[in-house]
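Student: Contents of structure.csv (CSV, C-alpha atoms) are below:
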chain,number,residue,atom,x,y,z
V,1,MET,CA,7.4,-20.3,13.7
V,2,ARG,CA,7.7,-20.8,10.0
V,3,VAL,CA,8.5,-17.1,9.3
V,4,THR,CA,11.3,-17.2,12.0
V,5,ARG,CA,12.8,-20.2,10.3
V,6,ILE,CA,12.7,-18.5,6.9
V,7,LEU,CA,14.3,-15.3,8.3
V,8,ARG,CA,17.1,-17.3,9.8
V,9,SER,CA,17.8,-19.3,6.6
V,10,SER,CA,17.2,-16.4,4.1
V,11,PRO,CA,18.6,-13.0,5.0
V,12,VAL,CA,17.2,-11.7,1.7
V,13,VAL,CA,13.8,-11.8,3.4
V,14,VAL,CA,15.0,-9.5,6.1
V,15,VAL,CA,16.1,-6.9,3.4
V,16,ILE,CA,12.7,-7.3,1.6
V,17,PHE,CA,10.8,-6.7,4.8
V,18,ALA,CA,13.0,-3.8,5.8
V,19,SER,CA,12.5,-2.2,2.4
V,20,THR,CA,8.7,-2.6,2.8
V,21,LEU,CA,8.9,-1.0,6.2
V,22,VAL,CA,10.7,2.0,4.8
V,23,ALA,CA,8.5,2.4,1.7
V,24,VAL,CA,5.3,2.6,3.8
V,25,MET,CA,6.7,5.7,5.5
V,26,GLY,CA,5.9,7.8,2.4
V,27,VAL,CA,2.2,8.4,3.4
V,28,SER,CA,1.5,7.1,6.8
V,29,LEU,CA,4.3,9.1,8.4
V,30,ILE,CA,3.1,12.3,6.8
V,31,SER,CA,-0.7,11.9,7.0
V,32,PRO,CA,-1.1,13.0,10.6
V,33,ALA,CA,1.1,16.0,10.0
V,34,LEU,CA,-1.2,17.5,7.3
V,35,PRO,CA,-2.9,19.9,9.7
V,36,ALA,CA,0.6,21.1,10.9
V,37,VAL,CA,1.7,21.5,7.3
V,38,GLN,CA,-1.4,23.5,6.5
V,39,GLU,CA,-0.8,25.8,9.4
V,40,ALA,CA,2.9,26.2,8.8
V,41,TRP,CA,2.6,27.1,5.2
V,42,GLY,CA,-0.7,29.0,5.4
V,43,ILE,CA,-2.3,26.8,2.7
V,44,SER,CA,-5.7,25.2,2.2
V,45,GLU,CA,-6.6,21.6,3.1
V,46,GLY,CA,-6.6,20.7,-0.6
V,47,GLN,CA,-3.1,22.1,-1.0
V,48,ALA,CA,-1.8,20.3,2.1
V,49,SER,CA,-3.2,17.0,0.7
V,50,LEU,CA,-1.0,17.5,-2.4
V,51,LEU,CA,1.8,16.1,-0.2
V,52,LEU,CA,0.1,12.8,-0.6
V,53,SER,CA,-1.0,13.1,-4.2
V,54,ALA,CA,2.4,14.4,-5.4
V,55,PHE,CA,4.0,11.3,-3.8
V,56,THR,CA,1.6,8.8,-5.4
V,57,LEU,CA,1.1,10.4,-8.9
V,58,PRO,CA,4.4,9.4,-10.5
V,59,GLY,CA,3.9,5.8,-9.7
V,60,ILE,CA,0.9,5.7,-12.0
V,61,PHE,CA,3.0,6.3,-15.1
V,62,LEU,CA,6.5,5.1,-14.1
V,63,THR,CA,5.9,1.8,-12.3
V,64,ILE,CA,5.1,-0.2,-15.4
V,65,PRO,CA,8.3,0.9,-17.2
V,66,ILE,CA,10.2,0.1,-14.0
V,67,GLY,CA,8.6,-3.3,-13.9
V,68,VAL,CA,9.7,-4.0,-17.4
V,69,VAL,CA,13.2,-3.0,-16.6
V,70,ALA,CA,13.2,-5.2,-13.5
V,71,ASP,CA,12.1,-8.2,-15.6
V,72,ARG,CA,15.0,-7.5,-18.1
V,73,ILE,CA,18.0,-6.5,-15.9
V,74,GLY,CA,17.0,-7.9,-12.5
V,75,ARG,CA,15.4,-6.9,-9.2
V,76,LYS,CA,18.6,-5.8,-7.4
V,77,PRO,CA,19.7,-3.1,-9.9
V,78,VAL,CA,16.2,-1.5,-9.4
V,79,LEU,CA,15.7,-1.9,-5.7
V,80,LEU,CA,19.0,-0.5,-4.4
V,81,PRO,CA,19.0,2.8,-6.4
V,82,ALA,CA,15.3,3.2,-5.5
V,83,LEU,CA,16.2,3.0,-1.8
V,84,ALA,CA,18.9,5.7,-2.3
V,85,VAL,CA,16.6,8.1,-4.2
V,86,PHE,CA,13.7,7.5,-1.7
V,87,GLY,CA,15.9,8.3,1.3
V,88,LEU,CA,17.7,11.3,-0.1
V,89,CYS,CA,14.7,13.1,-1.7
V,90,GLY,CA,12.7,12.6,1.4
V,91,GLY,CA,15.4,13.7,3.9
V,92,VAL,CA,16.4,16.9,2.1
V,93,ILE,CA,12.8,18.2,2.4
V,94,VAL,CA,13.7,19.2,5.9
V,95,PHE,CA,15.9,22.0,4.5
V,96,VAL,CA,13.7,23.1,1.6
V,97,PRO,CA,12.2,26.6,1.9
V,98,ASP,CA,9.7,26.5,-1.0
V,99,PHE,CA,6.5,24.4,-1.0
V,100,THR,CA,6.6,23.8,-4.7
V,101,LEU,CA,10.0,22.3,-4.5
V,102,VAL,CA,8.8,20.2,-1.6
V,103,LEU,CA,6.1,18.8,-4.0
V,104,VAL,CA,8.7,18.1,-6.7
V,105,LEU,CA,10.9,16.2,-4.3
V,106,ARG,CA,7.8,14.3,-3.0
V,107,GLY,CA,7.1,13.3,-6.6
V,108,ILE,CA,10.6,11.9,-7.2
V,109,GLN,CA,10.5,10.1,-3.8
V,110,GLY,CA,7.1,8.7,-4.7
V,111,ALA,CA,8.4,7.2,-8.0
V,112,ALA,CA,11.2,5.5,-6.0
V,113,SER,CA,8.7,4.2,-3.4
V,114,SER,CA,6.7,2.6,-6.2
V,115,ALA,CA,9.8,0.8,-7.4
V,116,ILE,CA,10.6,-0.4,-3.9
V,117,MET,CA,7.1,-1.7,-3.3
V,118,MET,CA,6.9,-3.4,-6.7
V,119,VAL,CA,10.2,-5.1,-6.4
V,120,THR,CA,9.8,-6.4,-2.8
V,121,ILE,CA,6.4,-8.1,-3.5
V,122,THR,CA,7.8,-9.4,-6.8
V,123,LEU,CA,10.8,-10.9,-5.1
V,124,LEU,CA,8.6,-12.8,-2.7
V,125,GLY,CA,6.8,-14.3,-5.7
V,126,ASP,CA,10.1,-15.1,-7.4
V,127,LEU,CA,12.0,-16.7,-4.6
V,128,PHE,CA,9.2,-18.7,-2.8
V,129,THR,CA,6.3,-20.9,-3.8
V,130,GLY,CA,3.1,-22.5,-2.4
V,131,GLU,CA,2.3,-22.1,1.3
V,132,GLU,CA,5.6,-20.5,2.0
V,133,ARG,CA,4.9,-17.7,-0.5
V,134,ARG,CA,1.5,-17.1,1.0
V,135,VAL,CA,2.9,-16.9,4.5
V,136,LEU,CA,5.6,-14.4,3.5
V,137,ILE,CA,3.2,-12.2,1.5
V,138,GLY,CA,0.8,-12.2,4.5
V,139,THR,CA,3.8,-11.4,6.8
V,140,ASN,CA,4.9,-8.6,4.4
V,141,ALA,CA,1.4,-7.1,4.6
V,142,ALA,CA,1.5,-7.4,8.4
V,143,ILE,CA,4.9,-5.6,8.5
V,144,LEU,CA,3.5,-3.0,6.2
V,145,ALA,CA,0.6,-2.7,8.7
V,146,ILE,CA,3.0,-2.4,11.7
V,147,GLY,CA,4.7,0.5,9.9
V,148,ALA,CA,1.4,2.0,9.0
V,149,ALA,CA,0.3,1.7,12.7
V,150,GLY,CA,3.6,3.1,14.2
V,151,TYR,CA,4.4,5.8,11.7
V,152,PRO,CA,1.3,7.9,12.3
V,153,LEU,CA,2.2,7.9,16.0
V,154,LEU,CA,5.8,8.9,15.2
V,155,GLY,CA,4.9,11.4,12.5
V,156,GLY,CA,2.2,13.0,14.6
V,157,ALA,CA,4.6,13.3,17.6
V,158,LEU,CA,7.4,14.7,15.4
V,159,ALA,CA,5.0,17.2,13.7
V,160,THR,CA,4.4,18.8,17.1
V,161,ILE,CA,8.0,19.9,17.0
V,162,ALA,CA,7.9,21.2,13.5
V,163,TRP,CA,6.1,20.2,10.3
V,164,SER,CA,9.4,19.2,8.6
V,165,VAL,CA,10.8,16.9,11.3
V,166,PRO,CA,9.0,13.7,10.1
V,167,PHE,CA,10.8,14.0,6.8
V,168,ALA,CA,14.2,13.3,8.4
V,169,CYS,CA,13.1,9.7,9.0
V,170,PHE,CA,13.2,9.0,5.3
V,171,LEU,CA,17.1,8.9,5.5
V,172,LEU,CA,16.7,5.5,7.2
V,173,ALA,CA,16.3,4.0,3.7
V,174,LEU,CA,20.0,4.5,3.1
V,175,VAL,CA,20.8,2.1,6.0
V,176,ILE,CA,19.3,-0.9,4.0
V,177,ILE,CA,21.5,-0.4,0.9
V,178,LEU,CA,24.7,-2.0,2.3
V,179,PRO,CA,23.1,-5.2,3.5
V,180,GLY,CA,21.1,-5.2,0.3
V,181,ILE,CA,24.3,-5.2,-1.8
V,182,THR,CA,25.6,-8.2,0.2
V,183,VAL,CA,22.6,-10.5,0.5
V,184,LEU,CA,20.1,-9.7,-2.3
V,185,GLN,CA,19.9,-12.4,-4.9
V,186,GLU,CA,18.3,-12.6,-8.3
V,187,PRO,CA,15.8,-15.3,-9.1
V,188,GLU,CA,16.9,-18.0,-11.5
V,189,ARG,CA,16.1,-17.0,-15.1
V,190,SER,CA,15.7,-19.0,-18.2
V,191,GLU,CA,16.4,-18.0,-21.8
V,192,SER,CA,12.7,-17.2,-22.2
V,193,ASP,CA,13.1,-14.4,-19.6
V,194,ALA,CA,15.3,-12.4,-21.9
V,195,GLU,CA,12.7,-10.1,-23.4
V,196,PRO,CA,9.6,-10.1,-21.2
V,197,SER,CA,7.0,-7.4,-21.8
V,198,VAL,CA,3.5,-6.4,-20.8
V,199,TYR,CA,2.5,-6.7,-24.5
V,200,ALA,CA,3.7,-10.3,-24.7
V,201,PHE,CA,1.7,-11.1,-21.6
V,202,LEU,CA,-1.5,-9.4,-23.0
V,203,THR,CA,-1.3,-11.2,-26.3
V,204,GLY,CA,-0.4,-14.6,-24.8
V,205,PRO,CA,-2.5,-17.5,-23.7
V,206,THR,CA,-3.0,-16.5,-20.0
V,207,PRO,CA,-6.6,-15.5,-19.2
V,208,LEU,CA,-6.8,-11.8,-18.4
V,209,ARG,CA,-10.2,-11.6,-16.7
V,210,PRO,CA,-9.0,-12.5,-13.2
V,211,PHE,CA,-6.2,-9.9,-13.5
V,212,ALA,CA,-8.7,-7.2,-14.5
V,213,VAL,CA,-10.9,-8.1,-11.5
V,214,LEU,CA,-7.9,-8.0,-9.1
V,215,TYR,CA,-6.6,-4.7,-10.5
V,216,THR,CA,-10.1,-3.2,-10.1
V,217,ALA,CA,-10.2,-4.4,-6.5
V,218,ILE,CA,-6.8,-2.9,-5.8
V,219,PHE,CA,-7.9,0.5,-7.2
V,220,GLY,CA,-11.0,0.5,-5.0
V,221,ILE,CA,-9.1,-0.5,-1.9
V,222,PHE,CA,-6.6,2.4,-2.2
V,223,VAL,CA,-9.2,5.0,-3.2
V,224,VAL,CA,-11.0,4.2,0.0
V,225,LEU,CA,-7.9,3.9,2.1
V,226,TYR,CA,-6.1,7.1,1.0
V,227,GLY,CA,-9.2,9.2,0.3
V,228,ALA,CA,-11.4,8.4,3.3
V,229,GLN,CA,-9.0,7.2,6.0
V,230,LEU,CA,-5.7,8.9,5.4
V,231,THR,CA,-6.9,12.2,4.0
V,232,LEU,CA,-10.3,13.1,5.4
V,233,LEU,CA,-10.1,11.4,8.8
V,234,PRO,CA,-7.2,13.6,10.1
V,235,PHE,CA,-9.2,16.7,9.3
V,236,LEU,CA,-12.4,15.3,10.8
V,237,LEU,CA,-10.6,14.3,14.0
V,238,ASP,CA,-9.0,17.8,14.1
V,239,ASP,CA,-12.3,19.6,13.4
V,240,SER,CA,-14.8,17.5,15.4
V,241,TYR,CA,-12.6,16.3,18.3
V,242,GLN,CA,-9.8,18.9,18.4
V,243,LEU,CA,-7.2,16.2,18.6
V,244,SER,CA,-3.5,17.0,18.3
V,245,SER,CA,-1.3,15.6,15.6
V,246,ALA,CA,-0.1,12.9,18.1
V,247,GLY,CA,-3.7,12.0,18.9
V,248,ILE,CA,-4.6,11.8,15.2
V,249,GLY,CA,-1.6,9.5,14.7
V,250,LEU,CA,-2.7,7.2,17.5
V,251,LEU,CA,-6.2,6.7,16.0
V,252,LEU,CA,-4.8,6.3,12.4
V,253,GLY,CA,-2.6,3.5,13.7
V,254,LEU,CA,-5.6,1.4,14.9
V,255,PRO,CA,-6.7,0.1,11.4
V,256,ALA,CA,-3.1,-1.0,10.7
V,257,LEU,CA,-3.0,-3.1,13.9
V,258,ALA,CA,-6.2,-4.9,12.8
V,259,MET,CA,-4.9,-5.3,9.3
V,260,GLY,CA,-1.6,-6.8,10.5
V,261,ALA,CA,-3.4,-9.3,12.7
V,262,THR,CA,-5.7,-10.3,9.9
V,263,ALA,CA,-3.1,-10.4,7.1
V,264,THR,CA,-1.1,-13.1,9.0
V,265,GLN,CA,-4.1,-15.4,8.7
V,266,SER,CA,-4.6,-15.0,5.0
V,267,GLY,CA,-3.5,-18.6,4.3
V,268,ARG,CA,-6.3,-19.9,6.5
V,269,ILE,CA,-8.8,-17.5,5.1
V,270,LEU,CA,-8.1,-18.8,1.6
V,271,ARG,CA,-8.9,-22.3,2.7
V,272,THR,CA,-12.5,-21.2,3.4
V,273,PHE,CA,-13.2,-18.5,0.8
V,274,THR,CA,-12.0,-17.8,-2.7
V,275,SER,CA,-9.7,-14.8,-3.2
V,276,PHE,CA,-12.5,-12.8,-4.8
V,277,GLN,CA,-14.9,-13.6,-1.9
V,278,SER,CA,-12.3,-12.6,0.6
V,279,ILE,CA,-11.7,-9.3,-1.1
V,280,ALA,CA,-15.4,-8.7,-1.2
V,281,LEU,CA,-15.7,-9.3,2.5
V,282,GLY,CA,-13.0,-6.8,3.0
V,283,PHE,CA,-15.1,-4.2,1.1
V,284,VAL,CA,-18.1,-5.0,3.3
V,285,SER,CA,-15.9,-4.5,6.4
V,286,TYR,CA,-14.6,-1.2,4.9
V,287,GLY,CA,-18.1,0.0,4.3
V,288,VAL,CA,-19.5,-0.8,7.8
V,289,GLY,CA,-16.5,0.9,9.4
V,290,LEU,CA,-16.8,4.1,7.4
V,291,VAL,CA,-20.5,4.4,8.0
V,292,VAL,CA,-20.0,4.0,11.7
V,293,VAL,CA,-17.2,6.6,11.7
V,294,ALA,CA,-19.5,9.0,9.8
V,295,HIS,CA,-22.2,8.7,12.5
V,296,ALA,CA,-19.9,8.4,15.6
V,297,GLN,CA,-20.3,10.9,18.4
V,298,SER,CA,-17.4,9.7,20.6
V,299,LEU,CA,-13.8,8.7,20.1
V,300,PRO,CA,-14.2,5.1,21.4
V,301,THR,CA,-16.8,4.5,18.7
V,302,VAL,CA,-14.5,6.0,16.1
V,303,ALA,CA,-11.7,3.7,17.4
V,304,GLY,CA,-13.9,0.6,17.2
V,305,ALA,CA,-15.0,1.5,13.6
V,306,LEU,CA,-11.4,2.0,12.6
V,307,LEU,CA,-10.5,-1.5,13.9
V,308,LEU,CA,-13.2,-2.9,11.7
V,309,PHE,CA,-11.9,-0.9,8.7
V,310,GLY,CA,-8.4,-2.5,9.4
V,311,PHE,CA,-9.9,-5.9,9.5
V,312,GLY,CA,-11.3,-5.3,6.0
V,313,GLN,CA,-7.9,-4.1,4.8
V,314,GLY,CA,-6.2,-7.2,6.2
V,315,LEU,CA,-8.7,-9.3,4.2
V,316,ALA,CA,-8.4,-7.5,0.9
V,317,GLU,CA,-4.9,-6.2,0.4
V,318,PRO,CA,-2.6,-9.2,1.0
V,319,ILE,CA,-5.0,-11.5,-0.7
V,320,THR,CA,-4.9,-9.5,-3.9
V,321,ASP,CA,-1.1,-9.6,-3.8
V,322,THR,CA,-1.1,-13.4,-3.2
V,323,ALA,CA,-3.6,-14.0,-6.0
V,324,LEU,CA,-1.6,-11.9,-8.5
V,325,ASN,CA,1.7,-13.6,-7.7
V,326,GLU,CA,0.1,-17.0,-8.0
V,327,LEU,CA,-1.6,-16.2,-11.3
V,328,ALA,CA,1.4,-14.5,-12.8
V,329,PRO,CA,3.7,-16.4,-15.2
V,330,ASP,CA,7.2,-16.3,-13.9
V,331,ASP,CA,8.4,-14.6,-17.1
V,332,PHE,CA,6.3,-11.6,-16.5
V,333,ARG,CA,5.9,-11.3,-12.8
V,334,GLY,CA,7.7,-8.0,-12.5
V,335,SER,CA,5.6,-6.5,-15.3
V,336,ILE,CA,2.4,-7.8,-13.8
V,337,MET,CA,3.2,-6.6,-10.3
V,338,SER,CA,4.2,-3.3,-11.8
V,339,VAL,CA,0.7,-2.9,-13.2
V,340,ARG,CA,-0.6,-3.7,-9.8
V,341,THR,CA,1.6,-1.0,-8.2
V,342,SER,CA,0.6,1.5,-11.0
V,343,VAL,CA,-3.1,0.8,-10.3
V,344,LEU,CA,-2.5,1.1,-6.6
V,345,ARG,CA,-0.8,4.5,-7.1
V,346,LEU,CA,-3.7,5.6,-9.3
V,347,GLY,CA,-6.1,4.8,-6.4
V,348,THR,CA,-3.9,6.6,-3.9
V,349,THR,CA,-3.6,9.7,-6.2
V,350,VAL,CA,-7.3,9.9,-7.1
V,351,GLY,CA,-8.6,9.2,-3.6
V,352,PRO,CA,-7.5,12.3,-1.8
V,353,PRO,CA,-8.7,15.0,-4.3
V,354,LEU,CA,-12.0,13.2,-4.8
V,355,SER,CA,-12.6,13.0,-1.1
V,356,VAL,CA,-11.6,16.7,-0.6
V,357,ALA,CA,-13.9,17.7,-3.4
V,358,ALA,CA,-16.8,15.7,-2.0
V,359,THR,CA,-16.2,17.3,1.4
V,360,GLY,CA,-16.9,20.7,-0.1
V,361,VAL,CA,-20.4,19.5,-1.1
V,362,VAL,CA,-21.5,17.1,1.7
V,363,GLY,CA,-18.9,17.7,4.5
V,364,TYR,CA,-16.5,15.3,6.2
V,365,ARG,CA,-19.2,13.0,7.6
V,366,GLY,CA,-21.3,12.9,4.5
V,367,THR,CA,-18.3,11.9,2.4
V,368,LEU,CA,-17.3,9.2,4.8
V,369,PHE,CA,-20.9,7.9,4.8
V,370,LEU,CA,-21.2,7.8,1.0
V,371,SER,CA,-17.8,6.1,0.7
V,372,GLY,CA,-18.9,3.5,3.2
V,373,VAL,CA,-22.2,2.8,1.5
V,374,ALA,CA,-20.5,2.4,-1.9
V,375,ALA,CA,-17.8,0.1,-0.5
V,376,PHE,CA,-20.5,-2.0,1.4
V,377,LEU,CA,-22.7,-2.4,-1.7
V,378,ILE,CA,-19.7,-3.4,-3.9
V,379,GLY,CA,-18.7,-6.0,-1.4
V,380,VAL,CA,-22.1,-7.5,-1.0
V,381,VAL,CA,-22.6,-7.8,-4.8
V,382,TRP,CA,-19.1,-9.1,-5.5
V,383,PHE,CA,-19.2,-11.7,-2.7
V,384,ALA,CA,-21.8,-13.7,-4.6
V,385,ILE,CA,-19.7,-13.9,-7.8
V,386,ARG,CA,-17.2,-16.7,-8.2
V,387,THR,CA,-14.7,-15.2,-10.6
V,388,ILE,CA,-11.3,-16.1,-9.3
V,389,PRO,CA,-10.5,-19.7,-8.2
V,390,ARG,CA,-9.1,-20.5,-4.8
V,391,SER,CA,-5.4,-19.8,-4.5
V,392,ASP,CA,-4.7,-23.5,-4.1
V,393,GLU,CA,-6.4,-24.1,-7.4
V,394,ASN,CA,-4.4,-21.5,-9.3
Using structure tokens, write down the structure from this file.
Tutor:
Amino acid sequence: MRVTRILRSSPVVVVIFASTLVAVMGVSLISPALPAVQEAWGISEGQASLLLSAFTLPGIFLTIPIGVVADRIGRKPVLLPALAVFGLCGGVIVFVPDFTLVLVLRGIQGAASSAIMMVTITLLGDLFTGEERRVLIGTNAAILAIGAAGYPLLGGALATIAWSVPFACFLLALVIILPGITVLQEPERSESDAEPSVYAFLTGPTPLRPFAVLYTAIFGIFVVLYGAQLTLLPFLLDDSYQLSSAGIGLLLGLPALAMGATATQSGRILRTFTSFQSIALGFVSYGVGLVVVAHAQSLPTVAGALLLFGFGQGLAEPITDTALNELAPDDFRGSIMSVRTSVLRLGTTVGPPLSVAATGVVGYRGTLFLSGVAAFLIGVVWFAIRTIPRSDEN
């Protein structure tokens, strides 16, 4: 297989993929433990969901400056310290006796996670081109999905021991640092790369409308993912089906499996549909899946709907990353991908409190239903609009 050949010839890809696998722990490992956190600390659902929001909030403001730094001093000096901060701040939570301090550490850890995710996807754009780049970005998304599928199982199982045990897994980030020092390489840089900036990109000749559309899509993707799926669904499964944390983790892993299977086919999908149409189809799939979950009366029906949701995720997320990387001028790729990560973090931060607030008005099922209808309508409308060219035309 092409990916296997690349892995053998380029150890840096192994480090990139391992970093992605670690960074995705930040939410998917903790999400199924939210009911256990709520019970252990005697707090409300909204307070428990702050474990997710505190993690994602710093990335909204810090990722763009980090991207500018990565463009100026290189990817390696950003990625390796970020791995260290991510691992240490996450692991020490096991020993912290104060929930406020837990949230502070989650905030620092979240900033490091944003840096890791931004640099890994940027490196794939820097070091590879054409079909090879598309394959690797799709594979990176599939690896992210594998982690997102496995970590809820692991996090749910560990949370049955104690709410804090899943946080010990974050120390695995430290294991990547030594091979990263050895094999990570910087992309070739020209003199024009010396002072890249977001401002220079915004005032330059590159058309901005496709970027605005892609950033909007990314925001919507992660509002739905983090608000509806990763925040509300655990509470719905606990309330309506009395599932344990392990059972919740099992179901939360299903969308990630479907996403991984779909993401590996993104190159083929882009031969049939434009990037924009593929993302729109993803929203349609999100919508149908959420509406079915909202009306489901049995766990098998919920499982089937979550697989459909994952199919939509596999259509939308890796294709936005591919499109952004292929549209981005080399001089500003780090800055452009940092905006992507900042918008992503905005969606992941806004999604949980919005969903929890809506639940207070229309309940779990009503919120999922309205989210599904909105996603479906957006996808149907957007599918008819040809705004972004095919990736092979960029």
Student: Interatomic distance between CA of Leu57 in chain V and CA of Ala84 in chain V?
Tutor: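 Going from CA of Leu57 in chain V over to CA of Ala84 in chain V covers 19.6 Å.
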Student: Choose the residue, out of V:Val292, V:Ala375, V:Val22, V:Leu250, that has the smallest atom-to-atom separation from Val175 in chain V; count all atoms listed in the file.
Tutor: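 Once distances to Val175 in chain V are computed over all atoms listed in the file, the minimum belongs to V:Val22.
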Student: For CA of Ser298 in chain V and CA of Pro352 in chain V, quote the distance in Å rounded to one decimal.
Tutor: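 Computing it gives 24.6 Å between the two atoms.
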Student: Using all atoms listed in the file, find the one residue out of V:Ala258, V:Val165, V:Leu299, V:Ala217 that sits nearest to Leu236 in chain V.
Tutor: V:Leu299
Student: Between CA of Tyr226 in chain V and CA of Leu308 in chain V, what is the distance in Å, rounded to a tenth?
Tutor: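 Computing the Euclidean distance for CA of Tyr226 in chain V and CA of Leu308 in chain V yields 16.3 Å.
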Student: Just want the 9 Å neighbourhood of range 340-345 of chain V, counted on only C-alpha atoms, with same-chain residues fewer than 3 positions away dropped. Output as a ChimeraX atom specification.
Tutor: /V:55-64,114-115,117-118,214-216,218-223,321,324,335-337,348-350
Student: Starting from the point (5.1, 21.7, 15.8), work out which residues of protein, DNA or RNA have an atom no more than 10 Å away when counting all atoms listed in the file; state them as a list in words.
Tutor: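 Here is the list of nearby residues: Ala33, Ala36, Val37, Glu39, Ala40, Gly156, Ala157, Leu158, Ala159, Thr160, Ile161, Ala162, Trp163, Ser164, Val165 and Ser245 of chain V.
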Student: Restricting the calculation to all atoms listed in the file: of V:Thr120, V:Phe332, V:Arg133, V:Ser278, which residue gets closest to Gly204 in chain V?
Tutor: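 Checking each of V:Thr120, V:Phe332, V:Arg133, V:Ser278 against Gly204 in chain V, counting all atoms listed in the file, the winner is V:Phe332.
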